[in-house]
Amino acid sequence: MITPGTRFVDITGAELVVHAIRRGEGTLAANGAFVAITGNRTGRSPRDRFNVQEATTLNEIQWGYVIRPFDYENVDDLRARAEA
């Protein structure tokens, strides 16, 4: 039995699928593709995305509620918070 937190290094895609199926994380479709069971929440909330606003894209993107600008100066802080 594989315990939670077990780490695998350099395994094949097929081995990864076998482990996921054994853990009840999904099944195989008729064509052999792995189908993950994601639960009720399957997408990323638009309010949880961070799009850096910078000079080359400033006038190319339709900024608004879904695509909100994020200041480049705050990227390192955001990365540190996410990694923590």
# chains A, B, ... in the order shown; residues from 1 in each chain; ligands from 1
call {"tool": "residues_around", "arguments": {"residues": "range 18-25 of chain A", "least_positions_apart": "4", "cutoff": "12 Å", "atoms": "only C-alpha atoms", "output": "PDB file with N, CA, C and O atoms, in the first residue's frame"}}
result
ATOM      1  N   MET A   1       0.844  -1.190   0.000  1.00  0.00           N
ATOM      2  CA  MET A   1       0.000   0.000   0.000  1.00  0.00           C
ATOM      3  C   MET A   1       0.880   1.241   0.000  1.00  0.00           C
ATOM      4  O   MET A   1       1.842   1.343   0.743  1.00  0.00           O
ATOM      5  N   ILE A   2       0.526   2.179  -0.828  1.00  0.00           N
ATOM      6  CA  ILE A   2       1.258   3.439  -0.911  1.00  0.00           C
ATOM      7  C   ILE A   2       0.629   4.421   0.060  1.00  0.00           C
ATOM      8  O   ILE A   2      -0.569   4.665   0.024  1.00  0.00           O
ATOM      9  N   THR A   3       1.431   4.985   0.924  1.00  0.00           N
ATOM     10  CA  THR A   3       0.911   5.908   1.923  1.00  0.00           C
ATOM     11  C   THR A   3       0.898   7.335   1.388  1.00  0.00           C
ATOM     12  O   THR A   3       1.692   7.677   0.508  1.00  0.00           O
ATOM     13  N   PRO A   4       0.004   8.175   1.914  1.00  0.00           N
ATOM     14  CA  PRO A   4      -0.010   9.586   1.503  1.00  0.00           C
ATOM     15  C   PRO A   4       1.362  10.214   1.753  1.00  0.00           C
ATOM     16  O   PRO A   4       2.007   9.925   2.755  1.00  0.00           O
ATOM     17  N   THR A   6       3.935   9.664  -0.173  1.00  0.00           N
ATOM     18  CA  THR A   6       4.963   8.898  -0.859  1.00  0.00           C
ATOM     19  C   THR A   6       5.370   9.651  -2.113  1.00  0.00           C
ATOM     20  O   THR A   6       4.535  10.147  -2.851  1.00  0.00           O
ATOM     21  N   ARG A   7       6.655   9.740  -2.337  1.00  0.00           N
ATOM     22  CA  ARG A   7       7.169  10.496  -3.475  1.00  0.00           C
ATOM     23  C   ARG A   7       7.777   9.548  -4.492  1.00  0.00           C
ATOM     24  O   ARG A   7       8.509   8.626  -4.138  1.00  0.00           O
ATOM     25  N   PHE A   8       7.464   9.742  -5.748  1.00  0.00           N
ATOM     26  CA  PHE A   8       8.004   8.933  -6.826  1.00  0.00           C
ATOM     27  C   PHE A   8       8.870   9.826  -7.704  1.00  0.00           C
ATOM     28  O   PHE A   8       8.501  10.954  -8.011  1.00  0.00           O
ATOM     29  N   ILE A  11       9.226   8.286 -12.691  1.00  0.00           N
ATOM     30  CA  ILE A  11       8.380   7.167 -13.100  1.00  0.00           C
ATOM     31  C   ILE A  11       7.763   7.487 -14.456  1.00  0.00           C
ATOM     32  O   ILE A  11       7.659   8.651 -14.858  1.00  0.00           O
ATOM     33  N   THR A  12       7.345   6.463 -15.144  1.00  0.00           N
ATOM     34  CA  THR A  12       6.744   6.664 -16.466  1.00  0.00           C
ATOM     35  C   THR A  12       5.310   7.156 -16.320  1.00  0.00           C
ATOM     36  O   THR A  12       4.706   7.053 -15.244  1.00  0.00           O
ATOM     37  N   GLY A  13       4.770   7.637 -17.404  1.00  0.00           N
ATOM     38  CA  GLY A  13       3.376   8.064 -17.397  1.00  0.00           C
ATOM     39  C   GLY A  13       2.441   6.912 -17.065  1.00  0.00           C
ATOM     40  O   GLY A  13       1.470   7.066 -16.331  1.00  0.00           O
ATOM     41  N   ALA A  14       2.754   5.733 -17.587  1.00  0.00           N
ATOM     42  CA  ALA A  14       1.931   4.558 -17.318  1.00  0.00           C
ATOM     43  C   ALA A  14       1.958   4.206 -15.830  1.00  0.00           C
ATOM     44  O   ALA A  14       0.926   3.866 -15.240  1.00  0.00           O
ATOM     45  N   ALA A  29     -10.647   5.870 -19.594  1.00  0.00           N
ATOM     46  CA  ALA A  29     -11.733   6.011 -20.573  1.00  0.00           C
ATOM     47  C   ALA A  29     -11.633   4.853 -21.568  1.00  0.00           C
ATOM     48  O   ALA A  29     -10.644   4.117 -21.596  1.00  0.00           O
ATOM     49  N   GLY A  32      -8.476   4.625 -23.437  1.00  0.00           N
ATOM     50  CA  GLY A  32      -7.251   4.426 -22.667  1.00  0.00           C
ATOM     51  C   GLY A  32      -6.731   5.669 -21.970  1.00  0.00           C
ATOM     52  O   GLY A  32      -5.752   5.600 -21.231  1.00  0.00           O
ATOM     53  N   ALA A  33      -7.382   6.795 -22.180  1.00  0.00           N
ATOM     54  CA  ALA A  33      -6.955   8.036 -21.531  1.00  0.00           C
ATOM     55  C   ALA A  33      -7.349   8.017 -20.059  1.00  0.00           C
ATOM     56  O   ALA A  33      -8.398   7.487 -19.692  1.00  0.00           O
ATOM     57  N   PHE A  34      -6.509   8.599 -19.220  1.00  0.00           N
ATOM     58  CA  PHE A  34      -6.830   8.700 -17.798  1.00  0.00           C
ATOM     59  C   PHE A  34      -7.829   9.820 -17.584  1.00  0.00           C
ATOM     60  O   PHE A  34      -7.675  10.924 -18.103  1.00  0.00           O
ATOM     61  N   VAL A  35      -8.891   9.534 -16.822  1.00  0.00           N
ATOM     62  CA  VAL A  35      -9.923  10.516 -16.512  1.00  0.00           C
ATOM     63  C   VAL A  35      -9.856  10.787 -15.016  1.00  0.00           C
ATOM     64  O   VAL A  35     -10.175   9.916 -14.202  1.00  0.00           O
ATOM     65  N   ALA A  36      -9.413  11.976 -14.647  1.00  0.00           N
ATOM     66  CA  ALA A  36      -9.272  12.331 -13.238  1.00  0.00           C
ATOM     67  C   ALA A  36     -10.619  12.678 -12.627  1.00  0.00           C
ATOM     68  O   ALA A  36     -11.473  13.273 -13.277  1.00  0.00           O
ATOM     69  N   ILE A  37     -10.801  12.288 -11.371  1.00  0.00           N
ATOM     70  CA  ILE A  37     -11.994  12.657 -10.615  1.00  0.00           C
ATOM     71  C   ILE A  37     -11.622  13.911  -9.842  1.00  0.00           C
ATOM     72  O   ILE A  37     -10.815  13.872  -8.917  1.00  0.00           O
ATOM     73  N   THR A  38     -12.203  15.039 -10.239  1.00  0.00           N
ATOM     74  CA  THR A  38     -11.788  16.316  -9.675  1.00  0.00           C
ATOM     75  C   THR A  38     -12.721  16.867  -8.608  1.00  0.00           C
ATOM     76  O   THR A  38     -12.376  17.834  -7.944  1.00  0.00           O
ATOM     77  N   GLY A  39     -13.895  16.316  -8.479  1.00  0.00           N
ATOM     78  CA  GLY A  39     -14.829  16.837  -7.488  1.00  0.00           C
ATOM     79  C   GLY A  39     -15.645  17.983  -8.033  1.00  0.00           C
ATOM     80  O   GLY A  39     -15.716  18.211  -9.237  1.00  0.00           O
TER      81      GLY A  39
END
call {"tool": "residues_around", "arguments": {"residues": "range 65-68 of chain A", "least_positions_apart": "5", "cutoff": "8 Å", "atoms": "only C-alpha atoms", "output": "PyMOL selection string"}}
result
chain A and resi 46-47+49-51
call {"tool": "select_by_dssp", "arguments": {"residues": "chain A", "states": "helix (DSSP H, G or I)", "output": "MDAnalysis selection string"}}
result
chainID A and resid 13:22 46:48 72:83
call {"tool": "atom_distance", "arguments": {"atom1": "CA of Asp48 in chain A", "atom2": "CA of Asn74 in chain A"}}
result
14.8 Å
call {"tool": "residues_around", "arguments": {"residues": "Asp71 in chain A", "least_positions_apart": "5", "cutoff": "12 Å", "atoms": "only C-alpha atoms", "output": "PyMOL selection string"}}
result
chain A and resi 50-55+58+76-78
call {"tool": "select_by_dssp", "arguments": {"residues": "chain A", "states": "strand (DSSP E)", "output": "number ranges by chain"}}
result
A: 26-28, 34-36, 51-53, 69-71
call {"tool": "write_last_selection", "arguments": {"atoms": "N, CA, C and O atoms", "output": "tab-separated table (two decimals), in the first residue's frame"}}
result
chain	number	residue	atom	x	y	z
A	26	GLY	N	-9.01	8.38	-10.24
A	26	GLY	CA	-9.57	8.43	-11.57
A	26	GLY	C	-9.73	7.04	-12.15
A	26	GLY	O	-9.50	6.04	-11.47
A	27	THR	N	-10.11	7.01	-13.42
A	27	THR	CA	-10.32	5.75	-14.14
A	27	THR	C	-9.77	5.89	-15.55
A	27	THR	O	-9.31	6.97	-15.93
A	28	LEU	N	-9.88	4.83	-16.32
A	28	LEU	CA	-9.49	4.89	-17.72
A	28	LEU	C	-10.73	5.01	-18.59
A	28	LEU	O	-11.73	4.32	-18.37
A	34	PHE	N	-6.51	8.60	-19.22
A	34	PHE	CA	-6.83	8.70	-17.80
A	34	PHE	C	-7.83	9.82	-17.58
A	34	PHE	O	-7.68	10.92	-18.10
A	35	VAL	N	-8.89	9.53	-16.82
A	35	VAL	CA	-9.92	10.52	-16.51
A	35	VAL	C	-9.86	10.79	-15.02
A	35	VAL	O	-10.17	9.92	-14.20
A	36	ALA	N	-9.41	11.98	-14.65
A	36	ALA	CA	-9.27	12.33	-13.24
A	36	ALA	C	-10.62	12.68	-12.63
A	36	ALA	O	-11.47	13.27	-13.28
A	51	ASN	N	-2.37	38.35	-13.67
A	51	ASN	CA	-1.85	38.69	-14.99
A	51	ASN	C	-1.02	39.96	-14.86
A	51	ASN	O	-1.55	41.03	-14.53
A	52	VAL	N	0.28	39.82	-15.10
A	52	VAL	CA	1.18	40.95	-14.93
A	52	VAL	C	0.96	41.95	-16.07
A	52	VAL	O	1.01	41.60	-17.24
A	53	GLN	N	0.71	43.18	-15.69
A	53	GLN	CA	0.51	44.24	-16.66
A	53	GLN	C	1.87	44.90	-16.91
A	53	GLN	O	2.52	45.37	-15.98
A	69	PRO	N	-5.28	43.45	-13.84
A	69	PRO	CA	-3.85	43.74	-13.88
A	69	PRO	C	-3.18	43.47	-12.52
A	69	PRO	O	-3.78	43.67	-11.47
A	70	PHE	N	-1.94	42.99	-12.60
A	70	PHE	CA	-1.15	42.74	-11.39
A	70	PHE	C	0.20	43.41	-11.60
A	70	PHE	O	0.84	43.23	-12.64
A	71	ASP	N	0.62	44.19	-10.64
A	71	ASP	CA	1.87	44.94	-10.77
A	71	ASP	C	3.08	44.03	-10.71
A	71	ASP	O	3.20	43.17	-9.84
call {"tool": "atom_distance", "arguments": {"atom1": "CA of Gly64 in chain A", "atom2": "CA of Ser45 in chain A"}}
result
14.5 Å
call {"tool": "atom_distance", "arguments": {"atom1": "CA of Ala80 in chain A", "atom2": "CA of Gly5 in chain A"}}
result
22.5 Å
call {"tool": "decode", "arguments": {"residues": "range 1-83 of chain A", "atoms": "C-alpha atoms", "output": "PDB file, in the first residue's frame"}}
result
ATOM      1  CA  MET A   1       0.000   0.000   0.000  1.00  0.00           C
ATOM      2  CA  ILE A   2       1.258   3.439  -0.911  1.00  0.00           C
ATOM      3  CA  THR A   3       0.911   5.908   1.923  1.00  0.00           C
ATOM      4  CA  PRO A   4      -0.010   9.586   1.503  1.00  0.00           C
ATOM      5  CA  GLY A   5       3.081  11.670   0.956  1.00  0.00           C
ATOM      6  CA  THR A   6       4.963   8.898  -0.859  1.00  0.00           C
ATOM      7  CA  ARG A   7       7.169  10.496  -3.475  1.00  0.00           C
ATOM      8  CA  PHE A   8       8.004   8.933  -6.826  1.00  0.00           C
ATOM      9  CA  VAL A   9      10.930  10.098  -8.937  1.00  0.00           C
ATOM     10  CA  ASP A  10      11.338   9.525 -12.681  1.00  0.00           C
ATOM     11  CA  ILE A  11       8.380   7.167 -13.100  1.00  0.00           C
ATOM     12  CA  THR A  12       6.744   6.664 -16.466  1.00  0.00           C
ATOM     13  CA  GLY A  13       3.376   8.064 -17.397  1.00  0.00           C
ATOM     14  CA  ALA A  14       1.931   4.558 -17.318  1.00  0.00           C
ATOM     15  CA  GLU A  15       3.237   4.006 -13.776  1.00  0.00           C
ATOM     16  CA  LEU A  16       1.742   7.325 -12.692  1.00  0.00           C
ATOM     17  CA  VAL A  17      -1.655   6.301 -14.090  1.00  0.00           C
ATOM     18  CA  VAL A  18      -1.513   2.959 -12.282  1.00  0.00           C
ATOM     19  CA  HIS A  19      -0.775   4.692  -8.966  1.00  0.00           C
ATOM     20  CA  ALA A  20      -3.570   7.220  -9.523  1.00  0.00           C
ATOM     21  CA  ILE A  21      -6.103   4.492 -10.299  1.00  0.00           C
ATOM     22  CA  ARG A  22      -5.076   2.474  -7.236  1.00  0.00           C
ATOM     23  CA  ARG A  23      -5.541   5.589  -5.090  1.00  0.00           C
ATOM     24  CA  GLY A  24      -9.025   6.132  -6.494  1.00  0.00           C
ATOM     25  CA  GLU A  25      -8.092   9.377  -8.212  1.00  0.00           C
ATOM     26  CA  GLY A  26      -9.566   8.434 -11.575  1.00  0.00           C
ATOM     27  CA  THR A  27     -10.324   5.752 -14.141  1.00  0.00           C
ATOM     28  CA  LEU A  28      -9.486   4.886 -17.722  1.00  0.00           C
ATOM     29  CA  ALA A  29     -11.733   6.011 -20.573  1.00  0.00           C
ATOM     30  CA  ALA A  30     -12.655   3.640 -23.407  1.00  0.00           C
ATOM     31  CA  ASN A  31      -9.776   5.053 -25.484  1.00  0.00           C
ATOM     32  CA  GLY A  32      -7.251   4.426 -22.667  1.00  0.00           C
ATOM     33  CA  ALA A  33      -6.955   8.036 -21.531  1.00  0.00           C
ATOM     34  CA  PHE A  34      -6.830   8.700 -17.798  1.00  0.00           C
ATOM     35  CA  VAL A  35      -9.923  10.516 -16.512  1.00  0.00           C
ATOM     36  CA  ALA A  36      -9.272  12.331 -13.238  1.00  0.00           C
ATOM     37  CA  ILE A  37     -11.994  12.657 -10.615  1.00  0.00           C
ATOM     38  CA  THR A  38     -11.788  16.316  -9.675  1.00  0.00           C
ATOM     39  CA  GLY A  39     -14.829  16.837  -7.488  1.00  0.00           C
ATOM     40  CA  ASN A  40     -17.171  19.801  -7.547  1.00  0.00           C
ATOM     41  CA  ARG A  41     -14.573  22.504  -8.046  1.00  0.00           C
ATOM     42  CA  THR A  42     -12.707  21.890 -11.248  1.00  0.00           C
ATOM     43  CA  GLY A  43     -11.560  25.287 -12.459  1.00  0.00           C
ATOM     44  CA  ARG A  44      -9.451  28.164 -11.313  1.00  0.00           C
ATOM     45  CA  SER A  45     -11.456  31.093 -10.028  1.00  0.00           C
ATOM     46  CA  PRO A  46     -10.944  34.194 -12.196  1.00  0.00           C
ATOM     47  CA  ARG A  47     -10.181  36.116  -8.991  1.00  0.00           C
ATOM     48  CA  ASP A  48      -7.273  33.726  -8.261  1.00  0.00           C
ATOM     49  CA  ARG A  49      -5.329  34.460 -11.433  1.00  0.00           C
ATOM     50  CA  PHE A  50      -2.630  37.074 -11.629  1.00  0.00           C
ATOM     51  CA  ASN A  51      -1.853  38.692 -14.989  1.00  0.00           C
ATOM     52  CA  VAL A  52       1.175  40.955 -14.935  1.00  0.00           C
ATOM     53  CA  GLN A  53       0.509  44.244 -16.658  1.00  0.00           C
ATOM     54  CA  GLU A  54       3.570  45.479 -18.500  1.00  0.00           C
ATOM     55  CA  ALA A  55       4.398  47.733 -21.435  1.00  0.00           C
ATOM     56  CA  THR A  56       4.223  45.216 -24.313  1.00  0.00           C
ATOM     57  CA  THR A  57       0.729  43.982 -23.397  1.00  0.00           C
ATOM     58  CA  LEU A  58      -0.743  47.097 -21.798  1.00  0.00           C
ATOM     59  CA  ASN A  59      -2.930  47.984 -24.782  1.00  0.00           C
ATOM     60  CA  GLU A  60      -3.269  44.445 -26.203  1.00  0.00           C
ATOM     61  CA  ILE A  61      -5.333  42.917 -23.375  1.00  0.00           C
ATOM     62  CA  GLN A  62      -8.893  43.770 -22.414  1.00  0.00           C
ATOM     63  CA  TRP A  63      -8.289  44.383 -18.718  1.00  0.00           C
ATOM     64  CA  GLY A  64     -11.313  44.098 -16.457  1.00  0.00           C
ATOM     65  CA  TYR A  65     -13.044  41.843 -13.919  1.00  0.00           C
ATOM     66  CA  VAL A  66     -11.737  38.534 -15.315  1.00  0.00           C
ATOM     67  CA  ILE A  67      -8.352  39.713 -16.559  1.00  0.00           C
ATOM     68  CA  ARG A  68      -7.193  41.941 -13.736  1.00  0.00           C
ATOM     69  CA  PRO A  69      -3.848  43.736 -13.876  1.00  0.00           C
ATOM     70  CA  PHE A  70      -1.151  42.739 -11.392  1.00  0.00           C
ATOM     71  CA  ASP A  71       1.868  44.941 -10.775  1.00  0.00           C
ATOM     72  CA  TYR A  72       5.212  43.418 -11.719  1.00  0.00           C
ATOM     73  CA  GLU A  73       6.760  44.813  -8.522  1.00  0.00           C
ATOM     74  CA  ASN A  74       4.602  42.372  -6.490  1.00  0.00           C
ATOM     75  CA  VAL A  75       5.500  39.187  -8.406  1.00  0.00           C
ATOM     76  CA  ASP A  76       8.347  38.098  -6.111  1.00  0.00           C
ATOM     77  CA  ASP A  77       6.200  38.596  -3.007  1.00  0.00           C
ATOM     78  CA  LEU A  78       3.335  36.610  -4.546  1.00  0.00           C
ATOM     79  CA  ARG A  79       5.704  33.787  -5.538  1.00  0.00           C
ATOM     80  CA  ALA A  80       7.151  33.627  -2.007  1.00  0.00           C
ATOM     81  CA  ARG A  81       3.658  33.493  -0.484  1.00  0.00           C
ATOM     82  CA  ALA A  82       2.585  30.727  -2.893  1.00  0.00           C
ATOM     83  CA  GLU A  83       5.705  28.656  -2.191  1.00  0.00           C
TER      84      GLU A  83
END
